[in-house]
Amino acid sequence: MTKKQINNILIWVCAIFLILLIMTPGLWVVLTAFRPQVDIMAKPAVWIPRNLSFNQFETMLFGGSEGSMGRSPVPVLSYLRNSLIISIVSTSIAVFIGTLGGYAFARHEFKGKNSYFFLIMLTRAIPGISLSLPIFILFSKIGIIDTHFGIIIVFVALNVPFTIWLTDGFFRQIPRAMSEVAMTDGCTRLQAFWHIELPLSKSGIASAGIFAFLISWNEFALVSNLARSTDSKTLTVGLMDFTSQFTINWPGMCALAVFIIIPALILTFMVQKHLVSGLTFGGVKG
Amino acid sequence: MKKFLNGPWVLILPTIIVLTCVVFLPLLISLWTSFTPFKLTKPDTLYRFIGFRNYERLIGDYDFWVAFGRTVLFLTIALNLELVFGLGIALLINKITYAQKTLRTLMMFPMMFSPILVGFQWKYIFNDNIGLLNNFLREFGVINPIPWLVDATLANFSIMAAEIWSSTSVFAILLLAGLMGIPKDPIEAAKVDGCNSWQVFKNITLPFLMPFIFIAMTIRSLDVARAYDIVQMMTGGGPAKRTELLWTLISRTGYVDAKMGMANAMSYISIFLSIAFTFFFFYKLMEARKILSYD
């Protein structure tokens, strides 16, 4: 064997080890969701499942007669509805507002532009838990705690900065000359934006939207303190319902985890290409 | 009016309104609250001004400074290891020609996980009774289960592992994008001139990667507080507060003990910590850009 071949084999051994390390935890959770409780508790461990069941999903979605370990089932469908409403509405608003802002930063020159951009990004650096304290106080006073509306406006604020970062990057990739020609032909700034730049950056904006959706879908620190009941609790917060002080319903939790990860999985695959180019363009050539 | 409609501010106005309502106004409320003895159980205390007493008490609070120190140490170790592992993975994938795209996609797997799910899956794996790791070790004769999340040192290690698992891919993906953009000519020239691979890496690859490293660091420093979700899920700050980070301490003080005034004082300190991290890397990013003279 040549030195090059040995090198190649070594590289692939490393790569496979890496893939195992990355995939195993997730796959183990998925597998557990389909296994009966006895298999999970078995000692010595049962590595190859003897039988698979959809019991957990049935209990979760259709209530079942009783939850495992005699606990009443978690209202997953309400949580799913809340998650969908909150994520979709907040994403739509955030993308609209963020795209306008991104366009301003990409196409206009004004005093202190970089500082304003940085200030907007800094709002993202505030830890969710720190921000949740005053928002909790404020929302309790005006009575929008534990409502969709309250959580949606928080998520809009959470997502606008990153949307600006990404769309700013995408708009910069479009030659300035195109909208300048339109403007000398009598378009206003907004018309040029609407007819020229917006259609050209459609796919970029779509991926910014998916990114914002994922952030809302996955958020925990803020919602867990602003949502108190089934009126507004999301799936990620619902995950905690399966734990009590001394017992944890592992298979039930795994089933819900699968439920949370699948949309995220699909959406991330859809945007992966745009995500990298958006982040690096916005940052490096900014 | 026409000037306003054609200018940038009409476009940025909605952003300003939203951020004012949800970020800047609450931050003012938070600042005020940190100067009061506000407790959720006694609503009137929100209007009693006590000056810097909360902050004074924090300065002498041993638990707070331990959590603060642990948070800084945790972030320093985690970010550095993530950078090193991410760089290693990026270099590895860059060397592979066959199925490179598939590999890159697989590497993004952890990025899809909500931090709370990351916490959950590692809590499951590190569980001393039914966890994957202990089951696996038992097959090799380790009969006594190792208390990964019960022993204080091991619990910190376990949380660190979860954190690194979830965030290394951000570095790997961005650095890989950087590696792919490196022009081949200087590397070829250096090799012709007799540089070995280490010299090529140190003098050409690494300087070129610097802006990408700082982008990754800036992006990461924006959401370091995700660690709250992971810790909350895995140990809740226990055993006996030995894995308590600043954020879990704030959450406990504010919501469990209902001491909102004190919690807001703590959260101001945590906000400054986060902003300092972000500011530092953003500044580095700007420097690196100037050196490479992009634009």
# chains A, B, ... in the order shown; residues from 1 in each chain; ligands from 1
>>> residues_around(residues="B:Ser221", least_positions_apart="2", cutoff="10 Å", atoms="only C-alpha atoms", output="MDAnalysis selection string")
(chainID A and resid 124:125) or (chainID B and resid 75 79 215:219 223:225 274:282)
>>> write_last_selection(atoms="C-alpha atoms", output="PDB file, in the first residue's frame")
ATOM      1  CA  ARG A 124     -29.751  39.150  20.193  1.00  0.00           C
ATOM      2  CA  ALA A 125     -26.894  38.709  22.676  1.00  0.00           C
TER       3      ALA A 125
ATOM      4  CA  LEU B  75     -17.759  29.303  28.122  1.00  0.00           C
ATOM      5  CA  LEU B  79     -15.813  27.753  22.915  1.00  0.00           C
ATOM      6  CA  ILE B 215     -17.742  35.073  12.293  1.00  0.00           C
ATOM      7  CA  ALA B 216     -18.315  31.696  13.908  1.00  0.00           C
ATOM      8  CA  MET B 217     -17.254  33.077  17.290  1.00  0.00           C
ATOM      9  CA  THR B 218     -19.536  36.113  16.912  1.00  0.00           C
ATOM     10  CA  ILE B 219     -22.498  33.960  15.950  1.00  0.00           C
ATOM     11  CA  ASP B 223     -26.377  32.515  21.837  1.00  0.00           C
ATOM     12  CA  VAL B 224     -24.080  31.237  24.554  1.00  0.00           C
ATOM     13  CA  ALA B 225     -27.037  31.457  26.918  1.00  0.00           C
ATOM     14  CA  SER B 274     -22.775  38.365  27.088  1.00  0.00           C
ATOM     15  CA  ILE B 275     -22.315  41.736  25.453  1.00  0.00           C
ATOM     16  CA  ALA B 276     -18.640  41.745  26.400  1.00  0.00           C
ATOM     17  CA  PHE B 277     -18.166  38.357  24.707  1.00  0.00           C
ATOM     18  CA  THR B 278     -19.993  39.508  21.564  1.00  0.00           C
ATOM     19  CA  PHE B 279     -18.241  42.853  21.456  1.00  0.00           C
ATOM     20  CA  PHE B 280     -14.835  41.242  21.740  1.00  0.00           C
ATOM     21  CA  PHE B 281     -15.368  38.861  18.821  1.00  0.00           C
ATOM     22  CA  PHE B 282     -17.111  41.450  16.651  1.00  0.00           C
TER      23      PHE B 282
END
>>> select_by_dssp(residues="stretch 61-226 of chain B", states="alpha helix (DSSP H)", output="MDAnalysis selection string")
chainID B and resid 62:95 100:107 115:125 132:139 152:180 184:192 197:200 206:222
>>> write_last_selection(atoms="C-alpha atoms", output="CSV table (one decimal), in the first residue's frame")
chain,number,residue,atom,x,y,z
B,62,TYR,CA,-20.5,33.6,47.5
B,63,ASP,CA,-23.0,31.4,45.5
B,64,PHE,CA,-23.4,34.1,42.9
B,65,TRP,CA,-19.7,34.5,42.2
B,66,VAL,CA,-19.1,30.8,42.1
B,67,ALA,CA,-21.9,30.6,39.4
B,68,PHE,CA,-20.3,33.6,37.6
B,69,GLY,CA,-16.9,32.0,37.7
B,70,ARG,CA,-18.2,28.7,36.5
B,71,THR,CA,-20.1,30.3,33.6
B,72,VAL,CA,-17.0,32.2,32.4
B,73,LEU,CA,-14.8,29.0,32.8
B,74,PHE,CA,-17.5,26.9,31.1
B,75,LEU,CA,-17.8,29.3,28.1
B,76,THR,CA,-14.0,29.6,27.7
B,77,ILE,CA,-13.4,25.9,27.7
B,78,ALA,CA,-16.5,25.1,25.6
B,79,LEU,CA,-15.8,27.8,22.9
B,80,ASN,CA,-12.1,26.8,22.6
B,81,LEU,CA,-12.8,23.1,22.3
B,82,GLU,CA,-15.6,23.8,19.8
B,83,LEU,CA,-13.2,25.9,17.7
B,84,VAL,CA,-10.5,23.2,17.8
B,85,PHE,CA,-12.8,20.3,17.0
B,86,GLY,CA,-14.7,22.3,14.4
B,87,LEU,CA,-11.4,23.2,12.7
B,88,GLY,CA,-10.3,19.6,12.8
B,89,ILE,CA,-13.6,18.4,11.3
B,90,ALA,CA,-13.5,21.1,8.6
B,91,LEU,CA,-9.9,20.2,7.6
B,92,LEU,CA,-10.9,16.5,7.5
B,93,ILE,CA,-14.0,17.0,5.3
B,94,ASN,CA,-12.0,19.4,3.1
B,95,LYS,CA,-9.6,16.5,2.4
B,100,GLN,CA,-18.2,15.5,0.6
B,101,LYS,CA,-21.6,17.2,0.3
B,102,THR,CA,-23.4,14.3,2.1
B,103,LEU,CA,-20.8,14.5,4.9
B,104,ARG,CA,-21.3,18.2,5.2
B,105,THR,CA,-25.0,17.7,5.5
B,106,LEU,CA,-24.6,15.0,8.1
B,107,MET,CA,-22.3,17.4,10.1
B,115,PRO,CA,-31.0,23.0,23.0
B,116,ILE,CA,-33.7,21.6,25.2
B,117,LEU,CA,-33.6,18.4,23.0
B,118,VAL,CA,-29.8,18.3,23.2
B,119,GLY,CA,-30.2,18.4,27.0
B,120,PHE,CA,-32.8,15.7,26.9
B,121,GLN,CA,-30.9,13.3,24.7
B,122,TRP,CA,-27.7,13.6,26.7
B,123,LYS,CA,-29.6,13.3,30.0
B,124,TYR,CA,-30.9,10.0,28.6
B,125,ILE,CA,-27.5,8.8,27.5
B,132,LEU,CA,-26.8,4.2,26.7
B,133,LEU,CA,-23.3,4.9,28.0
B,134,ASN,CA,-23.6,2.9,31.2
B,135,ASN,CA,-25.4,0.1,29.4
B,136,PHE,CA,-22.5,0.1,26.9
B,137,LEU,CA,-19.9,0.1,29.6
B,138,ARG,CA,-21.6,-2.8,31.4
B,139,GLU,CA,-21.0,-5.0,28.4
B,152,ALA,CA,-20.5,17.0,40.7
B,153,THR,CA,-17.3,16.7,38.6
B,154,LEU,CA,-18.8,14.2,36.2
B,155,ALA,CA,-22.0,16.3,35.9
B,156,ASN,CA,-20.0,19.3,34.7
B,157,PHE,CA,-18.1,17.1,32.3
B,158,SER,CA,-21.4,15.7,30.9
B,159,ILE,CA,-22.9,19.1,30.4
B,160,MET,CA,-19.8,20.2,28.6
B,161,ALA,CA,-20.0,17.2,26.3
B,162,ALA,CA,-23.6,18.0,25.4
B,163,GLU,CA,-22.7,21.6,24.8
B,164,ILE,CA,-19.8,20.7,22.6
B,165,TRP,CA,-21.8,18.2,20.7
B,166,SER,CA,-24.4,20.7,19.9
B,167,SER,CA,-22.3,23.7,18.8
B,168,THR,CA,-19.1,22.2,17.2
B,169,SER,CA,-20.9,21.9,13.9
B,170,VAL,CA,-21.5,25.6,13.6
B,171,PHE,CA,-17.7,26.1,13.6
B,172,ALA,CA,-17.2,23.1,11.3
B,173,ILE,CA,-19.6,24.3,8.7
B,174,LEU,CA,-18.5,27.9,8.6
B,175,LEU,CA,-14.8,27.0,8.6
B,176,LEU,CA,-15.4,24.5,5.9
B,177,ALA,CA,-17.0,27.3,3.8
B,178,GLY,CA,-13.8,29.3,4.5
B,179,LEU,CA,-11.5,26.5,3.5
B,180,MET,CA,-13.3,25.9,0.2
B,184,LYS,CA,-5.1,27.3,-4.6
B,185,ASP,CA,-2.2,29.3,-6.1
B,186,PRO,CA,-0.5,30.5,-2.9
B,187,ILE,CA,-0.6,27.0,-1.5
B,188,GLU,CA,0.9,25.5,-4.7
B,189,ALA,CA,3.6,28.2,-4.8
B,190,ALA,CA,4.5,27.6,-1.1
B,191,LYS,CA,4.8,23.9,-1.7
B,192,VAL,CA,7.0,24.5,-4.8
B,197,SER,CA,2.1,21.1,5.3
B,198,TRP,CA,2.4,22.6,8.8
B,199,GLN,CA,4.1,25.7,7.4
B,200,VAL,CA,1.4,26.0,4.7
B,206,LEU,CA,-4.9,29.9,9.1
B,207,PRO,CA,-4.6,33.7,8.3
B,208,PHE,CA,-7.1,33.2,5.6
B,209,LEU,CA,-9.5,31.4,7.9
B,210,MET,CA,-9.3,34.1,10.6
B,211,PRO,CA,-12.4,36.1,9.5
B,212,PHE,CA,-14.4,32.9,9.3
B,213,ILE,CA,-13.2,31.9,12.8
B,214,PHE,CA,-14.4,35.3,14.1
B,215,ILE,CA,-17.7,35.1,12.3
B,216,ALA,CA,-18.3,31.7,13.9
B,217,MET,CA,-17.3,33.1,17.3
B,218,THR,CA,-19.5,36.1,16.9
B,219,ILE,CA,-22.5,34.0,16.0
B,220,ARG,CA,-21.8,31.6,18.8
B,221,SER,CA,-21.3,34.4,21.4
B,222,LEU,CA,-24.8,35.6,20.4
>>> atom_distance(atom1="atom CA of A:Leu222", atom2="atom CA of B:Val22")
11.9 Å
>>> residues_around(residues="A:Val29", least_positions_apart="3", cutoff="7 Å", atoms="only C-alpha atoms", output="NGL selection string")
(:A and (25-26 or 32-33 or 254)) or (:B and (121))
>>> write_last_selection(atoms="C-alpha atoms", output="mmCIF file, in the first residue's frame")
data_model
loop_
_atom_site.group_PDB
_atom_site.id
_atom_site.type_symbol
_atom_site.label_atom_id
_atom_site.label_comp_id
_atom_site.auth_asym_id
_atom_site.auth_seq_id
_atom_site.Cartn_x
_atom_site.Cartn_y
_atom_site.Cartn_z
ATOM 1 C CA PRO A 25 -27.560 10.082 20.387
ATOM 2 C CA GLY A 26 -30.374 11.197 18.099
ATOM 3 C CA THR A 32 -36.497 4.430 22.191
ATOM 4 C CA ALA A 33 -39.702 6.131 21.089
ATOM 5 C CA CYS A 254 -38.572 10.344 23.241
ATOM 6 C CA GLN B 121 -30.915 13.266 24.718
#
>>> atom_distance(atom1="atom CA of A:Leu100", atom2="atom CA of A:Ile174")
15.5 Å
>>> residues_around(residues="stretch 180-183 of chain A", least_positions_apart="3", cutoff="12 Å", atoms="only C-alpha atoms", output="MDAnalysis selection string")
(chainID A and resid 107 174:177 186:197) or (chainID B and resid 6)
>>> closest_residue(among="B:Phe113, B:Trp148, B:Phe38, B:Tyr98", to="chain A", atoms="only C-alpha atoms")
B:Phe113
>>> closest_residue(among="B:Thr41, B:Ser30, B:Asn129, B:Thr15", to="B:Ser267", atoms="only C-alpha atoms")
B:Ser30
>>> residues_around(residues="A:Phe34", least_positions_apart="4", cutoff="10 Å", atoms="only C-alpha atoms", output="list in words")
Val29, Val30, Pro49, Asn51, Leu52, Ser53, Phe54, Asn55, Gln56, Phe57, Pro251, Gly252, Cys254 and Ala255 of chain A
>>> residues_around(residues="A:Ser232", least_positions_apart="3", cutoff="7 Å", atoms="only C-alpha atoms", output="PyMOL selection string")
chain A and resi 82+146-148+227+229
>>> atom_distance(atom1="atom CA of A:Ile164", atom2="atom CA of A:Ser90")
14.9 Å
>>> residues_around(residues="stretch 152-156 of chain A", least_positions_apart="2", cutoff="10 Å", atoms="only C-alpha atoms", output="ChimeraX atom specification")
/A:85-95,97-98,131-132,135,147-150,158-161,212-213,215-217,219,222-223,226 /B:15,18-19,21-23
